Amino acid sequence: MKKPPIGLLPKKYHEKRVKYERFNDVCGAISKYYNDGLKIDIAWIEEYNELIDSIREYEKESNSN
């Protein structure tokens, strides 16, 4: 008997993965600019703060399940 193909990753898990990837990208950019003594774009800091809130919410949800 042939098994069905793997379906689509649930949307909430996809969004979570994308946010973690973006968080890592933002952190990397901030770190590089900081280490080179360059000004860090305020938009990056604001995005970092938004992403860290989202990630903490995901972790809170994971810990409650």
# chains A, B, ... in the order shown; residues from 1 in each chain; ligands from 1
$ residues_around --residues "range 49-63 of chain A" --least-positions-apart "5" --cutoff "12 Å" --atoms "only C-alpha atoms" --output "VMD selection string"
chain A and resid 12 to 13 15 to 27 42 to 44
$ select_by_dssp --residues "chain A" --states "helix (DSSP H, G or I)" --output "PyMOL selection string"
chain A and resi 11-35+42-64
$ write_last_selection --atoms "N, CA and C atoms" --output "short mmCIF file (atom, residue, chain, number, x, y, z; two decimals), in the first residue's frame"
data_model
loop_
_atom_site.label_atom_id
_atom_site.label_comp_id
_atom_site.auth_asym_id
_atom_site.auth_seq_id
_atom_site.Cartn_x
_atom_site.Cartn_y
_atom_site.Cartn_z
N LYS A 11 0.13 26.54 8.70
CA LYS A 11 0.48 27.96 8.55
C LYS A 11 1.17 28.53 9.79
N LYS A 12 0.68 28.18 10.98
CA LYS A 12 1.28 28.77 12.18
C LYS A 12 2.73 28.33 12.35
N TYR A 13 3.08 27.11 11.95
CA TYR A 13 4.46 26.65 12.05
C TYR A 13 5.33 27.30 10.99
N HIS A 14 4.76 27.52 9.80
CA HIS A 14 5.50 28.21 8.75
C HIS A 14 5.82 29.64 9.18
N GLU A 15 4.80 30.34 9.69
CA GLU A 15 5.00 31.72 10.13
C GLU A 15 6.04 31.80 11.25
N LYS A 16 5.98 30.84 12.15
CA LYS A 16 6.95 30.82 13.25
C LYS A 16 8.36 30.65 12.71
N ARG A 17 8.54 29.73 11.77
CA ARG A 17 9.87 29.48 11.19
C ARG A 17 10.37 30.72 10.47
N VAL A 18 9.51 31.37 9.72
CA VAL A 18 9.89 32.57 8.99
C VAL A 18 10.31 33.68 9.96
N LYS A 19 9.56 33.83 11.05
CA LYS A 19 9.92 34.86 12.03
C LYS A 19 11.26 34.58 12.69
N TYR A 20 11.54 33.31 13.00
CA TYR A 20 12.83 32.96 13.59
C TYR A 20 13.96 33.24 12.60
N GLU A 21 13.75 32.94 11.33
CA GLU A 21 14.77 33.20 10.32
C GLU A 21 15.02 34.71 10.20
N ARG A 22 13.95 35.48 10.16
CA ARG A 22 14.08 36.94 10.05
C ARG A 22 14.75 37.49 11.29
N PHE A 23 14.41 36.97 12.46
CA PHE A 23 15.03 37.40 13.71
C PHE A 23 16.54 37.19 13.65
N ASN A 24 16.95 36.02 13.18
CA ASN A 24 18.38 35.74 13.06
C ASN A 24 19.06 36.68 12.07
N ASP A 25 18.38 36.99 10.97
CA ASP A 25 18.93 37.93 9.98
C ASP A 25 19.09 39.33 10.58
N VAL A 26 18.07 39.79 11.29
CA VAL A 26 18.12 41.12 11.91
C VAL A 26 19.23 41.17 12.96
N CYS A 27 19.31 40.15 13.78
CA CYS A 27 20.36 40.11 14.81
C CYS A 27 21.75 40.13 14.18
N GLY A 28 21.91 39.37 13.10
CA GLY A 28 23.20 39.33 12.42
C GLY A 28 23.58 40.69 11.85
N ALA A 29 22.62 41.36 11.23
CA ALA A 29 22.90 42.68 10.66
C ALA A 29 23.25 43.69 11.76
N ILE A 30 22.49 43.68 12.83
CA ILE A 30 22.76 44.60 13.95
C ILE A 30 24.15 44.32 14.50
N SER A 31 24.48 43.06 14.70
CA SER A 31 25.78 42.68 15.25
C SER A 31 26.93 43.14 14.35
N LYS A 32 26.78 42.94 13.05
CA LYS A 32 27.84 43.36 12.11
C LYS A 32 28.05 44.87 12.16
N TYR A 33 26.96 45.62 12.13
CA TYR A 33 27.09 47.07 12.17
C TYR A 33 27.67 47.53 13.51
N TYR A 34 27.24 46.92 14.59
CA TYR A 34 27.76 47.26 15.92
C TYR A 34 29.27 47.00 15.99
N ASN A 35 29.67 45.82 15.53
CA ASN A 35 31.09 45.45 15.58
C ASN A 35 31.96 46.32 14.70
N ILE A 42 17.37 52.60 12.97
CA ILE A 42 16.30 52.50 13.99
C ILE A 42 15.24 51.49 13.57
N ALA A 43 14.97 51.40 12.27
CA ALA A 43 13.97 50.44 11.78
C ALA A 43 14.38 49.01 12.13
N TRP A 44 15.68 48.73 12.14
CA TRP A 44 16.16 47.39 12.51
C TRP A 44 15.88 47.12 13.99
N ILE A 45 16.12 48.12 14.82
CA ILE A 45 15.87 47.97 16.26
C ILE A 45 14.38 47.76 16.51
N GLU A 46 13.56 48.53 15.83
CA GLU A 46 12.11 48.39 15.98
C GLU A 46 11.64 47.01 15.53
N GLU A 47 12.20 46.53 14.40
CA GLU A 47 11.83 45.20 13.93
C GLU A 47 12.31 44.12 14.90
N TYR A 48 13.52 44.30 15.44
CA TYR A 48 14.03 43.37 16.44
C TYR A 48 13.06 43.29 17.61
N ASN A 49 12.61 44.43 18.11
CA ASN A 49 11.69 44.46 19.25
C ASN A 49 10.37 43.77 18.92
N GLU A 50 9.85 43.99 17.72
CA GLU A 50 8.61 43.33 17.30
C GLU A 50 8.80 41.81 17.22
N LEU A 51 9.92 41.41 16.64
CA LEU A 51 10.18 39.98 16.48
C LEU A 51 10.39 39.29 17.82
N ILE A 52 11.09 39.93 18.74
CA ILE A 52 11.34 39.31 20.04
C ILE A 52 10.02 39.14 20.79
N ASP A 53 9.09 40.08 20.63
CA ASP A 53 7.77 39.92 21.25
C ASP A 53 7.04 38.72 20.65
N SER A 54 7.10 38.59 19.33
CA SER A 54 6.45 37.45 18.66
C SER A 54 7.05 36.13 19.09
N ILE A 55 8.37 36.08 19.16
CA ILE A 55 9.06 34.85 19.54
C ILE A 55 8.72 34.47 20.98
N ARG A 56 8.69 35.44 21.86
CA ARG A 56 8.32 35.15 23.25
C ARG A 56 6.90 34.62 23.34
N GLU A 57 6.01 35.16 22.50
CA GLU A 57 4.62 34.69 22.49
C GLU A 57 4.56 33.24 22.00
N TYR A 58 5.33 32.91 20.95
CA TYR A 58 5.38 31.53 20.47
C TYR A 58 5.89 30.60 21.57
N GLU A 59 6.92 31.02 22.28
CA GLU A 59 7.49 30.18 23.34
C GLU A 59 6.51 30.01 24.48
N LYS A 60 5.77 31.08 24.80
CA LYS A 60 4.76 30.99 25.86
C LYS A 60 3.67 29.97 25.46
N GLU A 61 3.25 30.04 24.19
CA GLU A 61 2.23 29.11 23.70
C GLU A 61 2.75 27.66 23.73
N SER A 62 4.02 27.49 23.35
CA SER A 62 4.62 26.14 23.34
C SER A 62 4.72 25.57 24.75
N ASN A 63 5.05 26.41 25.71
CA ASN A 63 5.20 25.95 27.09
C ASN A 63 3.87 25.65 27.75
N SER A 64 2.78 26.26 27.25
CA SER A 64 1.48 26.03 27.85
C SER A 64 0.80 24.77 27.30
#
$ decode --residues "range 32-60 of chain A" --atoms "N, CA and C atoms" --output "compact mmCIF listing (two decimals), in the first residue's frame"
# COMPACT_ATOMS: atom_id res chain seq x y z
N LYS A 32 26.78 42.94 13.05
CA LYS A 32 27.84 43.36 12.11
C LYS A 32 28.05 44.87 12.16
N TYR A 33 26.96 45.62 12.13
CA TYR A 33 27.09 47.07 12.17
C TYR A 33 27.67 47.53 13.51
N TYR A 34 27.24 46.92 14.59
CA TYR A 34 27.76 47.26 15.92
C TYR A 34 29.27 47.00 15.99
N ASN A 35 29.67 45.82 15.53
CA ASN A 35 31.09 45.45 15.58
C ASN A 35 31.96 46.32 14.70
N ASP A 36 31.39 46.87 13.63
CA ASP A 36 32.15 47.75 12.74
C ASP A 36 32.04 49.22 13.16
N GLY A 37 31.36 49.48 14.27
CA GLY A 37 31.24 50.84 14.77
C GLY A 37 30.35 51.73 13.91
N LEU A 38 29.40 51.11 13.20
CA LEU A 38 28.49 51.86 12.33
C LEU A 38 27.17 52.14 13.04
N LYS A 39 26.49 53.17 12.57
CA LYS A 39 25.17 53.47 13.10
C LYS A 39 24.21 52.35 12.71
N ILE A 40 23.32 52.02 13.63
CA ILE A 40 22.33 50.96 13.39
C ILE A 40 21.00 51.64 13.09
N ASP A 41 20.41 51.24 11.99
CA ASP A 41 19.14 51.81 11.54
C ASP A 41 18.06 51.56 12.60
N ILE A 42 17.37 52.60 12.97
CA ILE A 42 16.30 52.50 13.99
C ILE A 42 15.24 51.49 13.57
N ALA A 43 14.97 51.40 12.27
CA ALA A 43 13.97 50.44 11.78
C ALA A 43 14.38 49.01 12.13
N TRP A 44 15.68 48.73 12.14
CA TRP A 44 16.16 47.39 12.51
C TRP A 44 15.88 47.12 13.99
N ILE A 45 16.12 48.12 14.82
CA ILE A 45 15.87 47.97 16.26
C ILE A 45 14.38 47.76 16.51
N GLU A 46 13.56 48.53 15.83
CA GLU A 46 12.11 48.39 15.98
C GLU A 46 11.64 47.01 15.53
N GLU A 47 12.20 46.53 14.40
CA GLU A 47 11.83 45.20 13.93
C GLU A 47 12.31 44.12 14.90
N TYR A 48 13.52 44.30 15.44
CA TYR A 48 14.03 43.37 16.44
C TYR A 48 13.06 43.29 17.61
N ASN A 49 12.61 44.43 18.11
CA ASN A 49 11.69 44.46 19.25
C ASN A 49 10.37 43.77 18.92
N GLU A 50 9.85 43.99 17.72
CA GLU A 50 8.61 43.33 17.30
C GLU A 50 8.80 41.81 17.22
N LEU A 51 9.92 41.41 16.64
CA LEU A 51 10.18 39.98 16.48
C LEU A 51 10.39 39.29 17.82
N ILE A 52 11.09 39.93 18.74
CA ILE A 52 11.34 39.31 20.04
C ILE A 52 10.02 39.14 20.79
N ASP A 53 9.09 40.08 20.63
CA ASP A 53 7.77 39.92 21.25
C ASP A 53 7.04 38.72 20.65
N SER A 54 7.10 38.59 19.33
CA SER A 54 6.45 37.45 18.66
C SER A 54 7.05 36.13 19.09
N ILE A 55 8.37 36.08 19.16
CA ILE A 55 9.06 34.85 19.54
C ILE A 55 8.72 34.47 20.98
N ARG A 56 8.69 35.44 21.86
CA ARG A 56 8.32 35.15 23.25
C ARG A 56 6.90 34.62 23.34
N GLU A 57 6.01 35.16 22.50
CA GLU A 57 4.62 34.69 22.49
C GLU A 57 4.56 33.24 22.00
N TYR A 58 5.33 32.91 20.95
CA TYR A 58 5.38 31.53 20.47
C TYR A 58 5.89 30.60 21.57
N GLU A 59 6.92 31.02 22.28
CA GLU A 59 7.49 30.18 23.34
C GLU A 59 6.51 30.01 24.48
N LYS A 60 5.77 31.08 24.80
CA LYS A 60 4.76 30.99 25.86
C LYS A 60 3.67 29.97 25.46
